[in-house]
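Containing mmCIF, C-alpha atoms: my_file_2.cif.
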data_entry
#
loop_
_atom_site.label_atom_id
_atom_site.label_comp_id
_atom_site.auth_asym_id
_atom_site.auth_seq_id
_atom_site.Cartn_x
_atom_site.Cartn_y
_atom_site.Cartn_z
CA MET H 33 -9.46 7.90 1.43
CA ASP H 34 -11.00 4.48 1.83
CA PHE H 35 -12.82 2.79 4.70
CA SER H 36 -13.51 -0.93 4.85
CA LYS H 37 -12.40 -4.38 5.94
CA GLY H 38 -11.53 -7.61 4.18
CA ILE H 39 -10.67 -7.67 0.52
CA ILE H 40 -10.49 -3.85 0.22
CA LEU H 41 -7.20 -4.06 2.14
CA ASP H 42 -5.75 -6.22 -0.64
CA ASP H 43 -6.82 -3.63 -3.19
CA LEU H 44 -5.24 -0.80 -1.21
CA ILE H 45 -2.00 -2.73 -0.76
CA ALA H 46 -1.93 -3.29 -4.52
CA ARG H 47 -2.32 0.46 -5.08
CA SER H 48 0.45 1.15 -2.58
CA ASN H 49 2.68 -1.37 -4.34
CA VAL H 50 2.54 0.55 -7.60
CA ARG H 51 2.62 4.11 -6.22
CA ASN H 52 5.32 5.91 -4.30
CA ASP H 53 3.04 8.26 -2.37
CA PHE H 54 0.25 6.03 -0.99
CA PHE H 55 -0.05 5.68 2.80
CA ILE H 56 -2.33 3.16 4.54
CA PHE H 57 -3.36 3.18 8.21
CA VAL H 58 -5.19 0.08 9.47
CA LEU H 59 -6.74 0.15 12.95
CA PHE H 60 -7.81 -3.22 14.33
CA ALA H 61 -11.15 -2.67 16.07
CA ASP H 62 -11.49 -6.42 16.60
CA GLY H 63 -10.00 -9.77 15.60
CA GLU H 64 -6.51 -10.64 14.45
CA ALA H 65 -4.43 -10.53 11.29
CA GLY H 66 -0.99 -11.18 9.92
CA ALA H 67 0.99 -9.09 7.49
CA LYS H 68 4.49 -8.90 6.06
CA ILE H 69 6.26 -5.55 5.99
CA ASN H 70 9.77 -5.62 4.51
CA LEU H 71 9.78 -9.43 4.65
CA LYS H 72 9.07 -9.64 8.39
CA LYS H 73 5.80 -11.17 9.56
CA LEU H 74 3.70 -9.14 11.98
CA ASN H 75 0.93 -10.48 14.20
CA LEU H 76 -1.76 -7.89 14.76
CA LYS H 77 -4.52 -7.74 17.36
CA LYS H 78 -7.31 -5.52 18.67
CA ASN H 79 -6.31 -1.85 19.19
CA ASP H 80 -3.15 -2.19 17.10
CA LEU H 81 -2.52 0.44 14.46
CA LEU H 82 -0.66 -0.80 11.38
CA ILE H 83 1.11 1.84 9.32
CA ILE H 84 1.97 0.79 5.77
CA PRO H 85 4.36 3.33 4.18
CA PRO H 86 4.77 3.54 0.40
CA ASP H 87 8.44 2.56 0.40
CA ALA H 88 7.97 -0.79 2.15
CA ALA H 89 7.53 -4.22 0.61
CA LYS H 90 4.22 -5.41 1.94
CA GLU H 91 1.59 -8.14 1.69
CA ARG H 92 -1.38 -9.38 3.68
CA VAL H 93 -0.94 -12.87 5.15
CA TYR H 94 -4.30 -13.55 6.79
CA ILE H 95 -7.29 -11.85 8.44
CA SER H 96 -9.41 -13.68 11.03
CA LYS H 97 -13.12 -14.09 10.28
CA ASP H 98 -14.11 -11.89 13.22
CA ALA H 99 -11.72 -9.08 12.25
CA VAL H 100 -13.05 -5.54 12.00
CA LEU H 101 -10.59 -3.24 10.27
CA LYS H 102 -10.86 0.51 10.06
CA ILE H 103 -8.76 1.72 7.15
CA VAL H 104 -7.71 5.20 6.09
CA ALA H 105 -5.61 5.57 2.96
CA TYR H 106 -4.35 8.77 1.40
CA THR H 107 -1.82 10.08 -1.09
CA SER H 108 0.86 12.69 -0.55
CA GLU H 109 -0.94 14.85 -3.13
CA PHE H 110 -4.16 14.79 -1.09
CA ILE H 111 -2.54 15.68 2.23
CA SER H 112 -0.38 18.42 0.72
CA GLN H 113 -3.56 20.31 -0.20
CA LEU H 114 -4.65 20.56 3.44
CA ASN H 115 -3.81 23.50 5.66
CA LEU H 116 -1.76 21.52 8.19
CA PRO H 117 0.58 23.27 10.63
CA ASP H 118 4.28 23.33 9.76
CA ARG H 119 5.25 21.25 12.78
CA PHE H 120 2.98 18.43 11.57
CA TRP H 121 5.49 17.49 8.89
CA GLU H 122 8.10 16.70 11.53
CA ALA H 123 5.88 13.81 12.63
CA THR H 124 5.68 12.21 9.19
CA ASP H 125 9.09 10.60 9.72
CA TYR H 126 7.32 8.33 12.21
CA TYR H 127 5.33 6.88 9.28
CA SER H 128 8.47 5.69 7.44
CA THR H 129 10.31 2.38 7.55
CA ARG H 130 12.72 3.91 10.09
CA HIS H 131 10.09 3.16 12.73
CA LYS H 132 8.19 0.01 13.60
CA PRO H 133 4.98 -0.23 11.58
CA VAL H 134 2.75 -1.30 14.49
CA TRP H 135 1.60 0.95 17.33
CA THR H 136 -0.03 -0.83 20.27
CA LEU H 137 -2.61 1.67 21.48
CA PRO H 138 -4.55 1.87 24.77
CA LYS H 139 -8.26 1.17 24.39
CA PRO H 140 -9.42 4.83 24.88
CA VAL H 141 -6.92 6.09 22.30
CA ALA H 142 -7.96 3.47 19.76
CA LYS H 143 -11.63 4.22 20.44
CA ASN H 144 -11.10 7.93 19.74
CA LEU H 145 -9.49 7.14 16.36
CA VAL H 146 -12.29 4.71 15.48
CA ASN H 147 -14.87 7.43 16.26
CA LEU H 148 -13.12 9.85 13.89
CA ILE H 149 -13.03 7.21 11.14
CA HIS H 150 -16.75 6.52 11.70
CA GLN H 151 -17.48 10.23 11.30
CA MET H 152 -15.62 10.33 7.98
CA GLU H 153 -17.30 7.14 6.84
CA ALA H 154 -20.76 8.45 7.74
CA ARG H 155 -20.21 11.72 5.91
CA ILE H 156 -18.89 10.01 2.77
CA SER H 157 -21.79 7.53 2.66
CA GLU H 158 -24.47 10.21 3.14
CA ASN H 159 -26.74 10.36 0.10
CA ASN H 160 -27.45 14.05 0.14
CA GLN H 161 -26.48 17.29 -1.53
CA HIS H 162 -24.78 18.90 1.46
CA PRO H 163 -22.84 21.82 -0.09
CA PHE H 164 -19.84 21.36 2.20
CA LYS H 165 -19.79 17.56 2.49
CA MET H 166 -16.20 17.00 1.29
CA GLU H 167 -14.91 20.04 3.17
CA ILE H 168 -16.28 18.54 6.40
CA VAL H 169 -14.68 15.18 5.57
CA LYS H 170 -11.34 16.93 5.03
CA TYR H 171 -11.57 18.71 8.39
CA ILE H 172 -12.36 15.45 10.19
CA PHE H 173 -9.44 13.84 8.38
CA MET H 174 -7.20 16.71 9.53
CA ILE H 175 -8.23 16.02 13.13
CA PHE H 176 -7.49 12.31 12.60
CA ILE H 177 -4.04 12.90 11.11
CA LEU H 178 -3.14 15.49 13.77
CA GLU H 179 -4.17 13.04 16.49
CA LEU H 180 -1.77 10.51 14.94
CA ALA H 181 1.00 13.13 14.85
CA ALA H 182 0.47 13.78 18.56
CA LEU H 183 0.56 10.04 19.35
CA ALA H 184 3.63 9.29 17.24
CA PRO H 185 6.38 10.23 19.74
CA HIS H 186 4.79 7.95 22.34
CA TYR H 187 3.94 4.88 20.27
CA ALA H 188 6.26 4.87 17.22
CA LEU H 189 9.32 2.89 18.29
CA GLU H 190 12.63 3.00 16.46
CA ASN H 191 12.99 0.09 14.08
CA ASN H 192 16.14 -1.70 15.25
CA GLN H 193 15.41 -4.69 13.09
CA GLN H 194 18.51 -6.31 11.59
CA PHE H 195 18.51 -7.63 8.04
CA THR H 196 20.83 -10.13 6.40
CA ARG H 197 22.70 -9.07 3.27
CA LYS H 198 20.31 -11.14 1.16
CA GLU H 199 17.26 -9.57 2.78
CA LEU H 200 18.69 -6.08 2.22
CA LEU H 201 19.34 -6.86 -1.45
CA THR H 202 15.77 -8.12 -1.84
CA ILE H 203 14.31 -5.01 -0.18
CA GLU H 204 16.50 -2.72 -2.32
CA PHE H 205 15.43 -4.60 -5.45
CA TYR H 206 11.77 -4.26 -4.51
CA ALA H 207 12.09 -0.50 -3.93
CA LEU H 208 13.85 -0.09 -7.29
CA ALA H 209 11.37 -2.30 -9.14
CA LYS H 210 8.45 -0.34 -7.70
CA LYS H 211 9.86 2.85 -9.23
CA HIS H 212 10.85 1.48 -12.63
CA PHE H 213 8.76 -1.62 -13.45
CA ARG H 214 6.77 0.25 -16.11
CA GLU H 215 9.88 1.14 -18.12
CA HIS H 216 12.32 -1.66 -17.24
CA ARG H 217 11.49 -5.35 -17.15
CA GLU H 218 14.92 -6.72 -17.94
CA LEU H 219 16.75 -8.10 -14.88
CA LYS H 220 20.07 -6.72 -16.09
CA TYR H 221 18.88 -3.17 -15.44
CA TYR H 222 18.20 -3.94 -11.76
CA ALA H 223 21.28 -6.13 -11.34
CA ASP H 224 23.52 -3.38 -12.73
CA ALA H 225 21.90 -0.77 -10.49
CA LEU H 226 22.47 -2.99 -7.45
CA PHE H 227 26.01 -4.03 -8.51
CA VAL H 228 25.27 -7.78 -8.67
CA THR H 229 24.84 -10.31 -11.46
CA SER H 230 21.39 -11.10 -12.83
CA LYS H 231 21.81 -14.70 -11.67
CA HIS H 232 22.71 -13.68 -8.12
CA LEU H 233 19.83 -11.19 -7.98
CA THR H 234 17.12 -13.60 -9.08
CA GLU H 235 18.46 -16.45 -6.90
CA THR H 236 18.60 -14.18 -3.85
CA VAL H 237 15.13 -12.72 -4.37
CA LYS H 238 13.77 -16.25 -4.90
CA GLU H 239 15.41 -17.54 -1.71
CA VAL H 240 14.19 -14.65 0.43
CA SER H 241 10.73 -13.91 -0.99
CA LYS H 242 9.83 -17.28 -2.54
CA ARG H 243 9.43 -15.78 -6.00
CA THR H 244 11.94 -14.69 -8.59
CA ALA H 245 12.84 -11.11 -9.46
CA GLY H 246 11.06 -11.54 -12.79
CA GLU H 247 7.91 -12.76 -11.04
CA THR H 248 8.04 -9.72 -8.76
CA ILE H 249 8.15 -7.37 -11.76
CA ASP H 250 5.31 -9.28 -13.45
CA SER H 251 3.25 -9.01 -10.24
CA LEU H 252 3.73 -5.24 -10.09
CA LEU H 253 2.71 -4.92 -13.75
CA ALA H 254 -0.41 -7.03 -13.19
CA GLN H 255 -1.40 -5.01 -10.12
CA ALA H 256 -0.97 -1.74 -12.01
CA ALA H 257 -3.03 -3.09 -14.92
CA LYS H 258 -5.86 -4.26 -12.66
CA ILE H 259 -6.03 -0.91 -10.88
CA GLN H 260 -6.31 0.96 -14.18
CA LEU H 261 -8.90 -1.46 -15.53
CA LYS H 262 -10.98 -1.06 -12.35
CA THR H 263 -10.61 2.62 -11.62
CA THR H 264 -10.17 4.42 -14.95
CA SER H 265 -12.06 4.74 -18.22
CA LYS H 266 -8.87 4.34 -20.26
CA SER H 267 -9.12 1.97 -23.20
CA ILE H 268 -7.21 -1.29 -23.05
CA ALA H 269 -4.89 0.06 -25.75
CA GLU H 270 -4.19 3.15 -23.63
CA ILE H 271 -3.42 1.01 -20.58
CA SER H 272 -1.14 -1.15 -22.70
CA ASP H 273 0.74 1.96 -23.84
CA ALA H 274 0.94 3.36 -20.29
CA LEU H 275 2.58 0.12 -19.11
CA ASN H 276 4.96 0.14 -22.10
CA PHE H 277 3.84 -3.06 -23.81
CA SER H 278 4.80 -3.30 -27.47
CA ASP H 279 1.16 -3.64 -28.50
CA GLN H 280 -2.29 -4.45 -27.13
CA SER H 281 -1.98 -8.10 -28.13
CA SER H 282 1.16 -8.69 -26.03
CA PHE H 283 -0.50 -6.92 -23.10
CA GLY H 284 -3.57 -9.14 -23.45
CA LYS H 285 -1.45 -12.31 -23.50
CA PHE H 286 0.51 -11.15 -20.43
CA PHE H 287 -2.65 -10.28 -18.51
CA LYS H 288 -4.35 -13.57 -19.31
CA ARG H 289 -1.23 -15.49 -18.23
CA MET H 290 -1.21 -13.62 -14.91
CA GLU H 291 -4.94 -13.42 -14.16
CA GLY H 292 -6.52 -16.23 -16.18
CA VAL H 293 -8.88 -13.90 -18.08
CA SER H 294 -8.55 -11.21 -20.72
CA PRO H 295 -8.36 -7.52 -19.70
CA LYS H 296 -11.82 -6.97 -21.23
CA THR H 297 -13.37 -9.83 -19.24
CA TYR H 298 -11.66 -8.67 -16.04
CA ARG H 299 -13.04 -5.15 -16.47
CA SER H 300 -16.57 -6.34 -17.21
CA ASN H 301 -16.57 -8.50 -14.05
CA GLN H 302 -15.75 -5.58 -11.76
#
Can I see the file as structure tokens?
Amino acid sequence: MDFSKGIILDDLIARSNVRNDFFIFVLFADGEAGAKINLKKLNLKKNDLLIIPPDAAKERVYISKDAVLKIVAYTSEFISQLNLPDRFWEATDYYSTRHKPVWTLPKPVAKNLVNLIHQMEARISENNQHPFKMEIVKYIFMIFILELAALAPHYALENNQQFTRKELLTIEFYALAKKHFREHRELKYYADALFVTSKHLTETVKEVSKRTAGETIDSLLAQAAKIQLKTTSKSIAEISDALNFSDQSSFGKFFKRMEGVSPKTYRSNQ
């Protein structure tokens, strides 16, 4: 779980981009923001809840200077360890791309969720040796996620959004790339899987998303590399191997081309 505002959201989106089990809930306590979910721009305001499912293409567009975001992020592995009631899992469909990603909540409902997030945040930031600190956090999180499950039927609207054929191809490519970018960087693999030519695929993705299919794969690789450099103690050689580069040198050249610094310098600056 993570709680913050500002640049932390970019970091969480990057993690979600390279994992297939990472959910993000963003509650707007104040201010405004813009985001793109599956290529469509969303305008977000106070008391809106943004749900970012793992299977969606997503990016942050802007956040106003006065914005206060309350963010909860979790993995499927984390939530599966909790003793949640069986009927809870019926509600998880509301957190998928089948439903609109923004819930417009009444002020008292939003306030209740903010209070629960504050309780988790306070417990996590406590500098003490409470023997049951993380157990308490998990129970508060369970209350939070069960509150969302109760709200879902009322605020999660069916997503009747229509996509063009080119937009659908771009979304399908993104979902496929997210699963296989570590092993497959050649466009032919994705073009064959989507039953189009490599030329048509890259031209379509470029037209719809403003960057080529190859640039999308490179972006996913760079995000995965940055996350490992920031959050693990793996050596640069181990990260290079995990991302299937031929050797550490080629990984270093790729990373410097994408980020402007070497992997070692990037890690030391974090």
One decimal, Å: what's the distance from atom CA of H:Ala257 over to atom CA of H:Ala269, could you say? 11.4 Å
What is the atom CA of H:Phe205 to atom CA of H:Thr236 distance in Å? 10.2 Å
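Proximity ranking of H:Tyr221, H:Leu180, H:Met174, H:Val93 relative to H:Thr124 places H:Leu180 first, based on only C-alpha atoms.
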Calculated over only C-alpha atoms, which of the candidates H:Ile203, H:Val134, H:Val104, H:Leu82 has the smallest distance to H:Phe173?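 Residue with the minimum atom-to-atom distance to H:Phe173: H:Val104.
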The PyMOL selection byres ((chain H and resi 171) around 12) resolved against shown file, as a PyMOL selection string: chain H and resi 111+113-116+148-149+151-152+155+164-170+172-178
If we count only C-alpha atoms and set the cut-off at 9 Å, which residues sit around H:Lys296, ignoring sequence neighbours fewer than 6 positions away in its own chain? Please answer as a list in words.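 Contacts, in chain order: Leu261, Ile268 and Gly284 of chain H.
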Would you pick out the contacts of stretch 56-62 of chain H at 8 Å or less, using all atoms listed in the file, so that residues sharing its chain but fewer than 4 positions from it are not included, and give the list as a PDB file with C-alpha atoms, in the frame of the given file?
ATOM      1  CA  LEU H  44      -5.240  -0.800  -1.210  1.00  0.00           C
ATOM      2  CA  ILE H  45      -2.000  -2.730  -0.760  1.00  0.00           C
ATOM      3  CA  SER H  48       0.450   1.150  -2.580  1.00  0.00           C
ATOM      4  CA  LEU H  76      -1.760  -7.890  14.760  1.00  0.00           C
ATOM      5  CA  LYS H  77      -4.520  -7.740  17.360  1.00  0.00           C
ATOM      6  CA  LYS H  78      -7.310  -5.520  18.670  1.00  0.00           C
ATOM      7  CA  ASN H  79      -6.310  -1.850  19.190  1.00  0.00           C
ATOM      8  CA  ASP H  80      -3.150  -2.190  17.100  1.00  0.00           C
ATOM      9  CA  LEU H  81      -2.520   0.440  14.460  1.00  0.00           C
ATOM     10  CA  LEU H  82      -0.660  -0.800  11.380  1.00  0.00           C
ATOM     11  CA  ILE H  83       1.110   1.840   9.320  1.00  0.00           C
ATOM     12  CA  ILE H  84       1.970   0.790   5.770  1.00  0.00           C
ATOM     13  CA  PRO H  85       4.360   3.330   4.180  1.00  0.00           C
ATOM     14  CA  ASP H  98     -14.110 -11.890  13.220  1.00  0.00           C
ATOM     15  CA  ALA H  99     -11.720  -9.080  12.250  1.00  0.00           C
ATOM     16  CA  VAL H 100     -13.050  -5.540  12.000  1.00  0.00           C
ATOM     17  CA  LEU H 101     -10.590  -3.240  10.270  1.00  0.00           C
ATOM     18  CA  LYS H 102     -10.860   0.510  10.060  1.00  0.00           C
ATOM     19  CA  ILE H 103      -8.760   1.720   7.150  1.00  0.00           C
ATOM     20  CA  VAL H 104      -7.710   5.200   6.090  1.00  0.00           C
ATOM     21  CA  ALA H 105      -5.610   5.570   2.960  1.00  0.00           C
ATOM     22  CA  TYR H 106      -4.350   8.770   1.400  1.00  0.00           C
ATOM     23  CA  ALA H 142      -7.960   3.470  19.760  1.00  0.00           C
ATOM     24  CA  VAL H 146     -12.290   4.710  15.480  1.00  0.00           C
TER      25      VAL H 146
END
Name every residue that the PyMOL selection byres ((chain H and resi 71) around 10) selects in this structure, writing the answer as a list in words with chains first and numbers rising. Ala67, Lys68, Ile69, Asn70, Lys72, Lys73, Leu74, Ala88, Ala89, Lys90, Glu91, Phe195, Glu199, Leu200, Thr202, Ile203, Val240 and Ser241 of chain H
Env of H:Tyr187: 8 Å cut, atoms = only C-alpha atoms, seq-sep filter 5 positions within chain, self excluded. Answer as a list of chain:residue names. H:Trp135, H:Thr136, H:Leu137
Just so the selection is clear, what residues does the PyMOL selection byres ((chain H and resi 271) around 10) cover here, as JSON, numbers by chain? {"H": [256, 257, 258, 260, 261, 264, 265, 266, 267, 268, 269, 270, 272, 273, 274, 275, 276, 277, 280, 283, 295]}
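From atom CA of H:His216 back to atom CA of H:Ser112, the distance works out to 29.8 Å.
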